[in-house]
Amino acid sequence: MASNIKDKEAFQRLNFLYQAAHCVLAQNPENTELARFYCFTQKTIAKRLVLRQDPSVKRTMCRKCCALLISGVTSTVRQRKGSQKQRATLIRCLSCGQTKKFPNNPKHQLWVDQPEAQLENQTQPEANPSSKNLTKKDNPDKSNTVDSVKQDAAY
């Protein structure tokens, strides 16, 4: 399946930049600017090539300043009660203050993970149009029966 990916090299490059940002922060947590540069480069490459990134990758990057969100290092993570006793996870970027809110619903499923989102599970339209969609002129069996009767009567 991996050999059928359209831009395999581009995805490898994005994966490398993501891993490099993690390694930089793991070695020296004060090196946030370099990790931010790697994440920004990753985001611009994905935009330029019109590639969709996995939601788990997008959730770990700040949308405002492109910082890699690692709890305790570059972000804070809190559990809050929302409306109707619905709990939510709040992730706050320490660089810019941007907040992300994710509801904690155990039954929630991302669109990517749903069966109807998979290309293999979608029904393909038929190549030949069915007889229901044909008009009177297109259907050779019943083409202009009234006109043909009138022509036969004229001869």
# chains A, B, ... in the order shown; residues from 1 in each chain; ligands from 1
$ residues_around --residues "Ala46 of chain A" --least-positions-apart "3" --cutoff "12 Å" --atoms "only C-alpha atoms" --output "list in words"
Asp7, Glu9, Ala10, Phe11, Gln12, Arg13, Leu14, Asn15, Leu17, Tyr18, Cys39, Phe40, Thr41, Gln42, Lys43, Leu49, Val50, Leu51, Arg52, Gln53, Asp54, Val57 and Lys58 of chain A
$ select_by_dssp --residues "segment 20-133 of chain A" --states "strand (DSSP E or B)" --output "PyMOL selection string"
chain A and resi 61+68+71+75-81+87-93+99-103
$ closest_residue --among "A:Lys101, A:Cys66, A:Cys23, A:Asn31" --to "Lys81 of chain A" --atoms "only C-alpha atoms"
A:Lys101
$ residues_around --residues "Ile70 of chain A" --least-positions-apart "2" --cutoff "10 Å" --atoms "only C-alpha atoms" --output "PyMOL selection string"
chain A and resi 22+25-26+29+60-61+67-68+72-77+91+93
